[in-house]
>>> print(open('model06.cif').read())   # mmCIF, C-alpha atoms
data_start
#
loop_
_atom_site.label_atom_id
_atom_site.label_comp_id
_atom_site.auth_asym_id
_atom_site.auth_seq_id
_atom_site.Cartn_x
_atom_site.Cartn_y
_atom_site.Cartn_z
CA MET A 26 12.62 4.55 101.59
CA SER A 27 10.52 1.55 102.61
CA ALA A 28 11.00 -1.61 100.60
CA ILE A 29 8.73 -2.08 97.59
CA THR A 30 7.88 -5.59 96.43
CA VAL A 31 7.46 -5.91 92.67
CA VAL A 32 5.58 -9.05 91.67
CA GLY A 33 5.53 -10.38 88.13
CA VAL A 34 2.18 -11.86 87.13
CA GLY A 35 1.44 -14.01 84.10
CA ALA A 36 -1.78 -14.63 82.23
CA ASP A 37 -2.35 -17.57 84.60
CA GLY A 38 -2.87 -15.08 87.41
CA TRP A 39 -2.83 -16.11 91.06
CA SER A 40 -2.38 -19.82 90.32
CA GLY A 41 0.93 -19.18 88.58
CA LEU A 42 2.51 -17.19 91.44
CA SER A 43 5.18 -18.59 93.71
CA ALA A 44 4.57 -18.96 97.44
CA ALA A 45 6.83 -15.94 98.08
CA ALA A 46 4.83 -13.78 95.66
CA ARG A 47 1.53 -14.79 97.23
CA GLU A 48 2.84 -14.07 100.73
CA ALA A 49 4.04 -10.63 99.64
CA LEU A 50 0.64 -9.73 98.18
CA ASP A 51 -1.21 -11.10 101.20
CA ALA A 52 0.92 -8.90 103.46
CA ALA A 53 0.66 -5.74 101.36
CA GLU A 54 -1.40 -2.76 102.45
CA VAL A 55 -1.43 -1.17 99.00
CA VAL A 56 -1.09 -2.83 95.59
CA LEU A 57 -0.36 -0.73 92.49
CA GLY A 58 -0.90 -2.17 89.04
CA GLY A 59 -2.78 -2.08 85.78
CA ALA A 60 -6.50 -2.72 85.87
CA ARG A 61 -6.07 -6.11 84.19
CA GLN A 62 -3.38 -7.17 86.66
CA LEU A 63 -5.36 -6.02 89.70
CA GLY A 64 -8.32 -8.00 88.42
CA LEU A 65 -6.27 -11.21 88.65
CA LEU A 66 -5.98 -10.95 92.45
CA PRO A 67 -8.37 -13.00 94.58
CA GLU A 68 -10.52 -11.56 97.37
CA ARG A 69 -8.08 -12.87 99.98
CA VAL A 70 -5.75 -9.98 99.05
CA THR A 71 -7.20 -7.25 101.25
CA ALA A 72 -4.81 -4.45 100.26
CA ASP A 73 -6.07 -1.23 98.72
CA ARG A 74 -5.96 -1.75 94.94
CA VAL A 75 -4.77 1.35 93.11
CA PRO A 76 -4.69 1.34 89.28
CA TRP A 77 -1.96 3.24 87.51
CA PRO A 78 -3.15 6.52 86.00
CA SER A 79 -2.29 7.41 82.42
CA PRO A 80 0.33 8.53 81.57
CA LEU A 81 2.07 6.25 84.05
CA ARG A 82 5.61 7.56 84.40
CA PRO A 83 4.83 11.12 85.57
CA SER A 84 2.54 9.72 88.27
CA VAL A 85 5.06 7.34 89.83
CA PRO A 86 6.89 9.76 92.20
CA GLY A 87 3.64 11.17 93.57
CA LEU A 88 2.13 7.74 94.20
CA LEU A 89 5.26 6.50 95.94
CA GLU A 90 5.24 9.56 98.17
CA ARG A 91 1.52 9.14 98.86
CA PHE A 92 1.97 5.57 100.08
CA ALA A 93 5.30 6.01 101.83
CA GLY A 94 5.38 4.12 105.11
CA ARG A 95 2.81 1.55 104.03
CA ARG A 96 3.59 -1.98 102.85
CA LEU A 97 3.55 -1.46 99.10
CA ALA A 98 3.46 -4.04 96.32
CA VAL A 99 3.57 -3.33 92.59
CA LEU A 100 2.25 -5.72 89.94
CA ALA A 101 4.02 -6.23 86.62
CA SER A 102 3.41 -8.35 83.53
CA GLY A 103 5.86 -11.24 83.49
CA ASP A 104 9.41 -10.19 84.36
CA PRO A 105 9.32 -6.68 85.93
CA MET A 106 12.90 -6.02 84.83
CA PHE A 107 12.28 -6.81 81.14
CA HIS A 108 10.75 -3.69 79.57
CA GLY A 109 8.69 -3.50 82.77
CA ILE A 110 7.72 -1.40 85.75
CA GLY A 111 10.88 -2.43 87.61
CA ARG A 112 13.00 -0.34 85.28
CA THR A 113 10.53 2.55 85.50
CA LEU A 114 10.77 2.59 89.29
CA LEU A 115 14.57 2.68 89.13
CA GLU A 116 14.52 5.50 86.59
CA CYS A 117 12.14 7.42 88.83
CA GLY A 118 14.70 7.37 91.65
CA VAL A 119 13.84 4.26 93.66
CA PRO A 120 17.14 2.78 94.94
CA ALA A 121 17.81 -0.75 93.74
CA GLY A 122 18.25 -1.80 97.35
CA SER A 123 14.67 -0.74 98.09
CA LEU A 124 13.19 -3.08 95.47
CA ARG A 125 12.35 -6.72 96.09
CA VAL A 126 11.63 -8.16 92.67
CA LEU A 127 9.79 -11.47 92.30
CA PRO A 128 9.75 -12.20 88.56
CA HIS A 129 7.44 -14.44 86.58
CA PRO A 130 8.64 -15.98 83.28
CA SER A 131 8.65 -13.23 80.67
CA SER A 132 6.48 -13.33 77.57
CA VAL A 133 9.69 -13.77 75.58
CA SER A 134 10.68 -16.89 77.53
CA LEU A 135 7.19 -18.33 77.16
CA ALA A 136 7.01 -17.51 73.45
CA CYS A 137 10.40 -19.07 72.70
CA ALA A 138 9.38 -22.16 74.66
CA ARG A 139 6.25 -22.52 72.52
CA LEU A 140 8.06 -21.84 69.23
CA GLY A 141 11.21 -23.84 69.89
CA TRP A 142 13.35 -20.74 69.31
CA PRO A 143 16.60 -20.29 71.30
CA VAL A 144 16.11 -17.16 73.39
CA GLU A 145 19.67 -15.95 72.85
CA GLU A 146 19.28 -16.08 69.07
CA THR A 147 15.93 -14.31 68.96
CA GLU A 148 15.77 -10.54 68.53
CA VAL A 149 13.15 -8.78 70.61
CA VAL A 150 11.51 -5.51 69.56
CA THR A 151 9.07 -3.75 71.85
CA LEU A 152 6.31 -1.60 70.41
CA VAL A 153 4.91 -0.78 73.85
CA GLY A 154 5.14 2.99 73.93
CA ARG A 155 7.48 2.94 70.90
CA PRO A 156 6.86 3.97 67.29
CA LEU A 157 5.97 1.20 64.86
CA GLU A 158 8.85 2.34 62.62
CA SER A 159 11.34 1.04 65.22
CA LEU A 160 10.77 -2.35 63.62
CA HIS A 161 12.54 -1.32 60.40
CA ALA A 162 15.96 -1.61 62.06
CA ALA A 163 15.41 -5.30 62.87
CA LEU A 164 14.27 -6.48 59.43
CA TYR A 165 16.79 -8.73 57.73
CA PRO A 166 16.19 -11.84 55.57
CA GLY A 167 15.94 -15.02 57.60
CA ARG A 168 15.74 -13.30 60.99
CA ARG A 169 13.34 -14.41 63.71
CA LEU A 170 11.73 -11.60 65.64
CA LEU A 171 9.59 -11.47 68.75
CA ILE A 172 7.56 -8.27 68.93
CA LEU A 173 5.98 -7.10 72.18
CA SER A 174 2.59 -5.73 71.14
CA ALA A 175 1.07 -2.51 72.37
CA ASP A 176 -2.50 -3.76 71.95
CA ALA A 177 -4.87 -5.77 69.77
CA SER A 178 -4.22 -3.52 66.77
CA THR A 179 -0.48 -4.19 66.69
CA PRO A 180 -0.54 -7.41 64.58
CA ALA A 181 -2.31 -5.74 61.66
CA ARG A 182 -0.05 -2.69 61.86
CA VAL A 183 3.06 -4.87 61.89
CA ALA A 184 1.77 -6.89 58.92
CA GLY A 185 1.22 -3.66 57.00
CA LEU A 186 4.73 -2.42 57.73
CA LEU A 187 6.22 -5.76 56.65
CA ALA A 188 4.25 -5.76 53.41
CA ASP A 189 5.17 -2.16 52.61
CA GLY A 190 8.82 -2.72 53.56
CA GLY A 191 9.53 -5.61 51.21
CA TYR A 192 8.78 -8.45 53.62
CA GLY A 193 5.28 -9.37 52.48
CA PRO A 194 5.83 -13.19 52.47
CA SER A 195 6.82 -13.16 56.17
CA ARG A 196 5.02 -15.60 58.45
CA VAL A 197 3.41 -13.81 61.40
CA ARG A 198 2.14 -15.68 64.44
CA VAL A 199 0.10 -14.01 67.19
CA LEU A 200 0.61 -15.67 70.56
CA GLU A 201 -2.19 -14.59 72.91
CA GLN A 202 -2.54 -14.94 76.69
CA LEU A 203 0.72 -16.87 76.99
CA GLY A 204 0.74 -19.15 80.03
CA GLY A 205 -2.93 -18.65 80.75
CA PRO A 206 -5.96 -20.91 80.31
CA ALA A 207 -7.03 -18.92 77.21
CA GLU A 208 -3.65 -19.26 75.47
CA ALA A 209 -4.04 -19.32 71.70
CA VAL A 210 -1.97 -18.96 68.52
CA ARG A 211 -3.22 -17.40 65.29
CA GLU A 212 -1.15 -16.91 62.19
CA GLY A 213 -1.08 -15.46 58.71
CA VAL A 214 1.14 -14.01 56.00
CA ALA A 215 1.95 -10.30 56.21
CA ALA A 216 1.00 -9.42 52.63
CA HIS A 217 -2.38 -11.14 52.93
CA TRP A 218 -3.23 -10.27 56.52
CA SER A 219 -6.93 -10.66 57.23
CA LEU A 220 -7.09 -11.72 60.88
CA PRO A 221 -9.41 -9.55 62.99
CA PRO A 222 -8.05 -7.95 66.18
CA GLY A 223 -7.83 -10.51 68.98
CA ASP A 224 -6.66 -10.41 72.58
CA PRO A 225 -4.73 -7.25 73.51
CA LEU A 226 -2.28 -9.36 75.55
CA ASN A 227 -0.22 -10.79 72.71
CA VAL A 228 3.29 -11.30 71.38
CA LEU A 229 4.13 -11.53 67.67
CA ALA A 230 6.56 -14.04 66.21
CA VAL A 231 7.84 -13.08 62.76
CA ASP A 232 9.89 -15.15 60.34
CA CYS A 233 11.36 -12.47 58.06
CA ILE A 234 11.01 -13.47 54.40
CA PRO A 235 11.79 -10.87 51.71
CA ASP A 236 9.68 -10.37 48.62
CA PRO A 237 11.11 -12.54 45.83
CA ASP A 238 10.59 -9.83 43.22
CA VAL A 239 12.95 -7.38 44.95
CA PRO A 240 16.20 -7.21 42.90
CA VAL A 241 19.12 -8.87 44.66
CA ASP A 242 21.24 -5.75 44.13
CA ALA A 243 18.62 -3.34 45.50
CA PRO A 244 19.86 -0.96 48.22
CA ARG A 245 19.38 -2.56 51.63
CA PRO A 246 20.16 -1.64 55.22
CA GLN A 247 23.25 -3.17 56.78
CA LEU A 248 24.87 -3.38 60.19
CA VAL A 249 28.06 -1.41 59.46
CA PRO A 250 28.12 2.31 58.58
CA GLY A 251 27.99 3.38 54.96
CA LEU A 252 24.38 2.75 53.93
CA ARG A 253 23.71 3.25 50.21
CA ASP A 254 22.89 6.88 49.45
CA GLU A 255 19.64 5.82 47.75
CA LEU A 256 18.21 4.76 51.12
CA PHE A 257 18.08 8.40 52.19
CA GLU A 258 15.63 10.99 50.96
CA SER A 259 17.81 13.96 50.09
CA ASP A 260 18.04 17.28 48.29
CA GLY A 261 21.78 16.79 47.82
CA GLN A 262 22.76 17.79 51.36
CA LEU A 263 23.96 14.31 52.25
CA THR A 264 27.26 12.97 53.56
CA LYS A 265 27.98 10.38 50.87
CA ARG A 266 28.36 6.76 51.91
CA HIS A 267 32.16 6.36 51.69
CA VAL A 268 32.86 9.61 53.53
CA ARG A 269 30.02 8.79 55.93
CA ALA A 270 31.61 5.44 56.80
CA ALA A 271 34.92 7.17 57.52
CA THR A 272 33.12 9.83 59.57
CA LEU A 273 31.31 7.26 61.72
CA ALA A 274 34.61 5.46 62.26
CA ALA A 275 36.13 8.72 63.54
CA LEU A 276 33.11 9.44 65.75
CA GLY A 277 33.29 5.93 67.24
CA PRO A 278 29.77 5.30 68.56
CA ALA A 279 29.46 3.10 71.65
CA PRO A 280 26.40 1.90 73.60
CA GLY A 281 24.54 4.63 75.45
CA GLU A 282 26.52 7.51 73.97
CA LEU A 283 25.05 10.81 72.81
CA LEU A 284 25.84 12.50 69.47
CA TRP A 285 25.19 16.05 68.36
CA ASP A 286 24.88 16.18 64.55
CA VAL A 287 25.20 19.90 63.81
CA GLY A 288 24.01 20.86 60.35
CA GLY A 289 21.98 17.68 59.91
CA GLY A 290 21.25 17.97 56.16
CA SER A 291 19.51 14.65 55.46
CA GLY A 292 20.26 13.25 58.91
CA SER A 293 22.48 10.42 57.66
CA ILE A 294 25.15 10.76 60.37
CA GLY A 295 22.61 10.78 63.21
CA VAL A 296 20.69 7.88 61.66
CA GLU A 297 23.76 5.69 61.31
CA TRP A 298 24.96 6.58 64.81
CA LEU A 299 21.64 5.35 66.24
CA ARG A 300 21.72 2.18 64.14
CA ALA A 301 25.06 1.29 65.74
CA HIS A 302 23.31 0.29 68.99
CA ARG A 303 19.77 0.44 70.35
CA SER A 304 20.89 2.47 73.38
CA CYS A 305 22.72 5.18 71.41
CA ARG A 306 21.18 8.66 71.46
CA ALA A 307 21.42 11.46 68.92
CA VAL A 308 20.29 15.03 68.34
CA SER A 309 20.29 16.42 64.81
CA VAL A 310 20.39 20.22 64.53
CA GLU A 311 19.13 21.67 61.23
CA ARG A 312 18.14 25.27 60.50
CA ASP A 313 16.04 24.54 57.38
CA ALA A 314 12.49 23.46 58.24
CA VAL A 315 12.05 21.32 55.10
CA ARG A 316 15.29 19.48 55.76
CA ALA A 317 14.39 19.02 59.42
CA GLU A 318 11.17 17.22 58.43
CA ARG A 319 13.14 15.17 55.89
CA ILE A 320 15.51 14.05 58.66
CA VAL A 321 12.51 12.85 60.66
CA ARG A 322 11.27 10.81 57.70
CA ASN A 323 14.70 9.28 57.05
CA ALA A 324 15.06 8.30 60.69
CA ALA A 325 11.65 6.60 60.69
CA ALA A 326 12.26 4.78 57.40
CA LEU A 327 15.56 3.38 58.67
CA GLY A 328 14.24 2.22 62.02
CA VAL A 329 15.47 4.93 64.38
CA PRO A 330 12.48 7.25 64.93
CA ARG A 331 13.98 8.13 68.30
CA LEU A 332 16.35 10.58 66.54
CA ARG A 333 15.63 13.96 68.06
CA VAL A 334 15.56 16.86 65.61
CA VAL A 335 16.13 20.42 66.76
CA ARG A 336 15.18 23.02 64.16
CA GLY A 337 17.29 26.13 64.33
CA ALA A 338 20.68 27.60 63.49
CA ALA A 339 23.75 26.78 65.53
CA PRO A 340 25.13 27.96 67.86
CA ALA A 341 21.82 29.37 69.19
CA ALA A 342 19.99 26.08 68.53
CA LEU A 343 22.32 24.26 70.93
CA ALA A 344 20.76 26.13 73.83
CA GLY A 345 19.95 24.04 76.85
CA LEU A 346 20.99 20.69 75.38
CA VAL A 347 23.82 20.17 77.85
CA ALA A 348 21.60 21.07 80.80
CA GLU A 349 18.87 18.71 79.58
CA LEU A 350 20.84 15.75 78.22
CA GLY A 351 24.32 16.12 79.64
CA CYS A 352 27.51 16.64 77.67
CA PRO A 353 27.59 14.97 74.26
CA ASP A 354 30.05 12.13 73.86
CA ALA A 355 30.65 13.14 70.26
CA VAL A 356 29.86 16.09 68.01
CA PHE A 357 29.81 16.09 64.23
CA VAL A 358 29.81 19.41 62.41
CA GLY A 359 28.75 18.90 58.83
CA GLY A 360 27.74 22.46 58.01
CA GLY A 361 28.07 26.03 59.23
CA LEU A 362 31.71 25.78 60.25
CA THR A 363 32.44 29.41 59.44
CA VAL A 364 29.42 30.71 61.38
CA PRO A 365 30.88 32.59 64.37
CA GLY A 366 30.69 30.59 67.56
CA VAL A 367 29.68 27.18 66.13
CA LEU A 368 32.95 25.35 66.72
CA GLU A 369 33.46 27.17 70.02
CA ALA A 370 30.04 26.09 71.32
CA CYS A 371 30.53 22.50 70.22
CA TRP A 372 33.99 22.32 71.77
CA ALA A 373 32.77 23.85 75.02
CA ALA A 374 29.94 21.33 75.27
CA LEU A 375 32.28 18.33 75.14
CA GLY A 376 33.61 16.84 78.34
CA PRO A 377 37.03 15.20 78.70
CA GLY A 378 37.26 12.30 76.26
CA GLY A 379 34.57 13.74 74.01
CA ARG A 380 35.15 13.51 70.26
CA LEU A 381 34.66 16.23 67.68
CA VAL A 382 34.64 15.52 63.95
CA ALA A 383 34.17 18.19 61.28
CA ASN A 384 34.00 17.79 57.49
CA THR A 385 34.31 20.43 54.80
CA VAL A 386 34.83 20.82 51.06
CA THR A 387 35.60 24.57 51.02
CA LEU A 388 38.98 26.26 51.34
CA GLU A 389 37.64 28.77 53.86
CA SER A 390 36.42 26.07 56.24
CA GLU A 391 39.56 24.05 55.66
CA ALA A 392 41.65 27.01 56.77
CA LEU A 393 39.56 27.24 59.93
CA LEU A 394 39.96 23.54 60.67
CA THR A 395 43.71 23.87 60.15
CA GLN A 396 43.80 26.56 62.84
CA TRP A 397 41.88 24.35 65.28
CA TYR A 398 44.13 21.42 64.41
CA ARG A 399 47.22 23.48 65.26
CA ARG A 400 45.62 24.57 68.54
CA HIS A 401 44.17 21.26 69.76
CA GLY A 402 45.89 18.52 67.76
CA GLY A 403 43.94 15.49 66.62
CA GLU A 404 44.00 14.21 63.06
CA LEU A 405 43.58 16.18 59.85
CA VAL A 406 42.96 14.07 56.76
CA LYS A 407 41.88 14.51 53.15
CA LEU A 408 39.30 12.01 51.93
CA ALA A 409 39.09 11.52 48.17
CA VAL A 410 36.71 9.17 46.37
CA ALA A 411 36.54 8.47 42.63
CA HIS A 412 33.92 6.44 40.77
CA ALA A 413 34.39 4.52 37.56
CA VAL A 414 32.19 5.97 34.77
CA PRO A 415 31.87 5.45 31.01
CA VAL A 416 34.19 7.57 28.87
CA GLY A 417 33.05 7.00 25.30
CA GLY A 418 33.59 3.31 24.74
CA PHE A 419 35.99 3.09 27.66
CA THR A 420 35.92 3.57 31.44
CA GLY A 421 37.54 6.33 33.46
CA TRP A 422 37.52 7.85 36.92
CA ARG A 423 35.25 10.70 38.00
CA GLN A 424 36.62 12.40 41.08
CA ALA A 425 34.21 13.60 43.77
CA MET A 426 35.06 16.80 45.64
CA PRO A 427 37.72 15.93 48.23
CA VAL A 428 36.63 16.26 51.86
CA THR A 429 38.86 17.65 54.57
CA GLN A 430 38.14 16.02 57.93
CA TRP A 431 39.38 17.06 61.34
CA SER A 432 38.86 14.69 64.26
CA VAL A 433 40.03 15.21 67.81
CA VAL A 434 39.53 13.86 71.33
CA LYS A 435 39.18 16.53 73.99
CA GLY A 436 41.70 16.20 76.79
CA GLY A 437 41.05 16.73 80.48
CA GLY A 438 43.01 19.98 80.47
CA ASP A 439 41.04 21.63 77.66
CA GLU A 440 38.81 24.48 78.79
CA GLY A 441 35.06 24.54 78.26
CA SER A 442 32.31 22.47 79.90
CA GLY A 443 28.88 23.42 78.66
CA ALA A 444 27.35 25.68 76.04
CA GLY A 445 24.96 28.37 77.12
CA VAL A 446 23.22 29.92 74.14
CA SER A 447 19.64 30.69 73.18
CA GLY A 448 16.56 29.63 71.18
CA ALA A 449 15.37 26.87 68.84
CA ASP A 450 12.24 25.11 67.68
CA GLU A 451 12.15 21.33 67.97
CA VAL A 452 10.86 18.30 66.08
CA VAL A 453 10.79 15.17 68.24
CA GLY A 454 10.18 11.66 66.94
CA GLY A 455 8.54 12.92 63.78
CA ALA A 456 6.07 15.44 65.25
CA LYS A 457 6.48 19.17 65.65
#
>>> encode(input="model06.cif", output="structure tokens")
Amino acid sequence: MSAITVVGVGADGWSGLSAAAREALDAAEVVLGGARQLGLLPERVTADRVPWPSPLRPSVPGLLERFAGRRLAVLASGDPMFHGIGRTLLECGVPAGSLRVLPHPSSVSLACARLGWPVEETEVVTLVGRPLESLHAALYPGRRLLILSADASTPARVAGLLADGGYGPSRVRVLEQLGGPAEAVREGVAAHWSLPPGDPLNVLAVDCIPDPDVPVDAPRPQLVPGLRDELFESDGQLTKRHVRAATLAALGPAPGELLWDVGGGSGSIGVEWLRAHRSCRAVSVERDAVRAERIVRNAAALGVPRLRVVRGAAPAALAGLVAELGCPDAVFVGGGLTVPGVLEACWAALGPGGRLVANTVTLESEALLTQWYRRHGGELVKLAVAHAVPVGGFTGWRQAMPVTQWSVVKGGGDEGSGAGVSGADEVVGGAK
């Protein structure tokens, strides 16, 4: 493949480019970019200017093939490798060695320079092509957030989410056209947001301030597993917080890993897996349509709308997941253990080193897990939790139903490498 030069452009346009970037654009025969970016080029750039179609990603392979053999340059906003077209090109199969990337300071670097915020201590959330609800996972008292806006409507939408989510007093600054001659800063308070839409090229800076009237002991999200049960909408099919914390510890999420949550219930295991790291992936499989929609709502409310929900009964609902997503790194079975073929399909889908964790409260499922424990090893434990409750004028313990948990790591010699079963409906990111 011929080399592709990717040039980062700021709001200052041609005047802000390095000599190397200008030379690359002068020498190009074709320049791909957004309409706004292409409009920043002077007449001296004689290359054919080709705007990206929408949607962008599906069009990339065809455009690269169309212009193969010609000197090709691609324009990006700021740093092409920071939530930019550089990553898209790599994900579409362009070898890293075929890319010559000439970055411009990113909007994050420019914003932190204006605000006096250390870049390494500032959390960045992108809402470009991402659901607004993704912001929920970053909201903590006292945090400073930089939000990459999708368009001019983003500031008002973010202010509304902050106000509704208990962060109404938060200071919100809109930094527009950073680095350009029209650079401007507007600000307001989330709960009283009245600013009209401004420039679509903007970054939001948020100082997270909680509502003072929220009780200090109110349920709140946290970084470690074991969120309060009240944070989940549920009909009772919920892995309770103490057992959930132990279950997540057994599953052991790590960056980039994929979880299958089979028998999703309220989706709490998948939600907490995704909250462990922004690159974690999860699929929640739930046969009940009402519960499947509830899982979607819980995922959005807790900042992980990327949770994928497959509606259908296992093992049939697991069809095609391995072929599409690869082998899961971990599987949790929270329901349907005694359904023929469920454990077999989950075990077969795991590759060497994959983890399987199953919980049950029934004797029948416990007997089944005991058989699998004898066959494959692992760890079989009984989890018991008791809560202090009033007993007349005194206090006593109320025992919850004990949970039997089997956890195991699949060895390289264990048979099975991919489930092949049929049929399921799907709910993705909150929409059927």
>>> atom_distance(input="model06.cif", atom1="atom CA of Asn384 of chain A", atom2="atom CA of Arg245 of chain A")
25.7 Å
>>> axis_aligned_box(input="model06.cif", around="segment 219-228 of chain A", padding_each_side="5 Å", output="lines of an AutoDock Vina configuration file")
center_x = -3.1
center_y = -9.5
center_z = 66.4
size_x = 22.7
size_y = 14.5
size_z = 28.3
>>> closest_residue(input="model06.cif", among="A:Lys265, A:Arg139, A:Arg312, A:Arg61", to="Ser293 of chain A", atoms="all atoms listed in the file")
A:Lys265
>>> resolve_selection(input="model06.cif", expression="the PyMOL selection byres ((chain A and resi 199) around 8)", output="list in words")
Pro180, Val197, Arg198, Leu200, Glu201, Val210, Arg211, Glu212, Asn227, Val228, Leu229 and Ala230 of chain A
>>> atom_distance(input="model06.cif", atom1="atom CA of Leu203 of chain A", atom2="atom CA of Ser84 of chain A")
28.9 Å
>>> closest_residue(input="model06.cif", among="A:Ala184, A:Ala243, A:Ala344, A:Ala44", to="Leu220 of chain A", atoms="only C-alpha atoms")
A:Ala184
>>> resolve_selection(input="model06.cif", expression="the PyMOL selection byres ((chain A and resi 407-412) around 6)", output="ChimeraX atom specification")
/A:406,413,422-425,427-429
>>> atom_distance(input="model06.cif", atom1="atom CA of Gly41 of chain A", atom2="atom CA of Glu208 of chain A")
13.9 Å
>>> closest_residue(input="model06.cif", among="A:Gly292, A:Pro76, A:Gly277, A:Gly64", to="Val335 of chain A", atoms="only C-alpha atoms")
A:Gly292
>>> residues_near_point(input="model06.cif", point="(2.6, 4.8, 78.6)", cutoff="6 Å", atoms="all atoms listed in the file", output="PyMOL selection string")
chain A and resi 80-81+154
>>> residues_around(input="model06.cif", residues="Pro166 of chain A", least_positions_apart="6", cutoff="10 Å", atoms="all atoms listed in the file", output="list in words")
Tyr192, Ser195, Asp232, Cys233, Ile234, Pro235 and Asp236 of chain A
>>> closest_residue(input="model06.cif", among="A:Thr179, A:Ser304, A:Glu297, A:Gly185", to="Ala271 of chain A", atoms="only C-alpha atoms")
A:Glu297
>>> resolve_selection(input="model06.cif", expression="the PyMOL selection byres ((chain A and resi 48) around 12)", output="ChimeraX atom specification")
/A:30,32,39,42-47,49-53,69-70,98,127
>>> closest_residue(input="model06.cif", among="A:Ala355, A:Ala348, A:Leu405, A:Ala136", to="Ala209 of chain A", atoms="only C-alpha atoms")
A:Ala136
>>> residues_around(input="model06.cif", residues="Gly261 of chain A", least_positions_apart="6", cutoff="12 Å", atoms="all atoms listed in the file", output="list of chain:residue names")
A:Asp254, A:Glu255, A:Gly290, A:Ser291, A:Gly292, A:Ser293, A:Arg316, A:Arg319
>>> closest_residue(input="model06.cif", among="A:Gly288, A:Pro340, A:Pro222, A:Gly213", to="Thr385 of chain A", atoms="all atoms listed in the file")
A:Gly288
>>> residues_around(input="model06.cif", residues="Ser40 of chain A", least_positions_apart="4", cutoff="12 Å", atoms="only C-alpha atoms", output="NGL selection string")
:A and (34-36 or 44 or 46-47 or 65-67 or 129 or 204-206)
>>> residues_around(input="model06.cif", residues="segment 156-165 of chain A", least_positions_apart="3", cutoff="6 Å", atoms="all atoms listed in the file", output="count of residues only")
5
>>> residues_around(input="model06.cif", residues="Val315 of chain A", least_positions_apart="3", cutoff="12 Å", atoms="all atoms listed in the file", output="PyMOL selection string")
chain A and resi 258-260+262+289-291+311-312+318-322+334+336-337+452
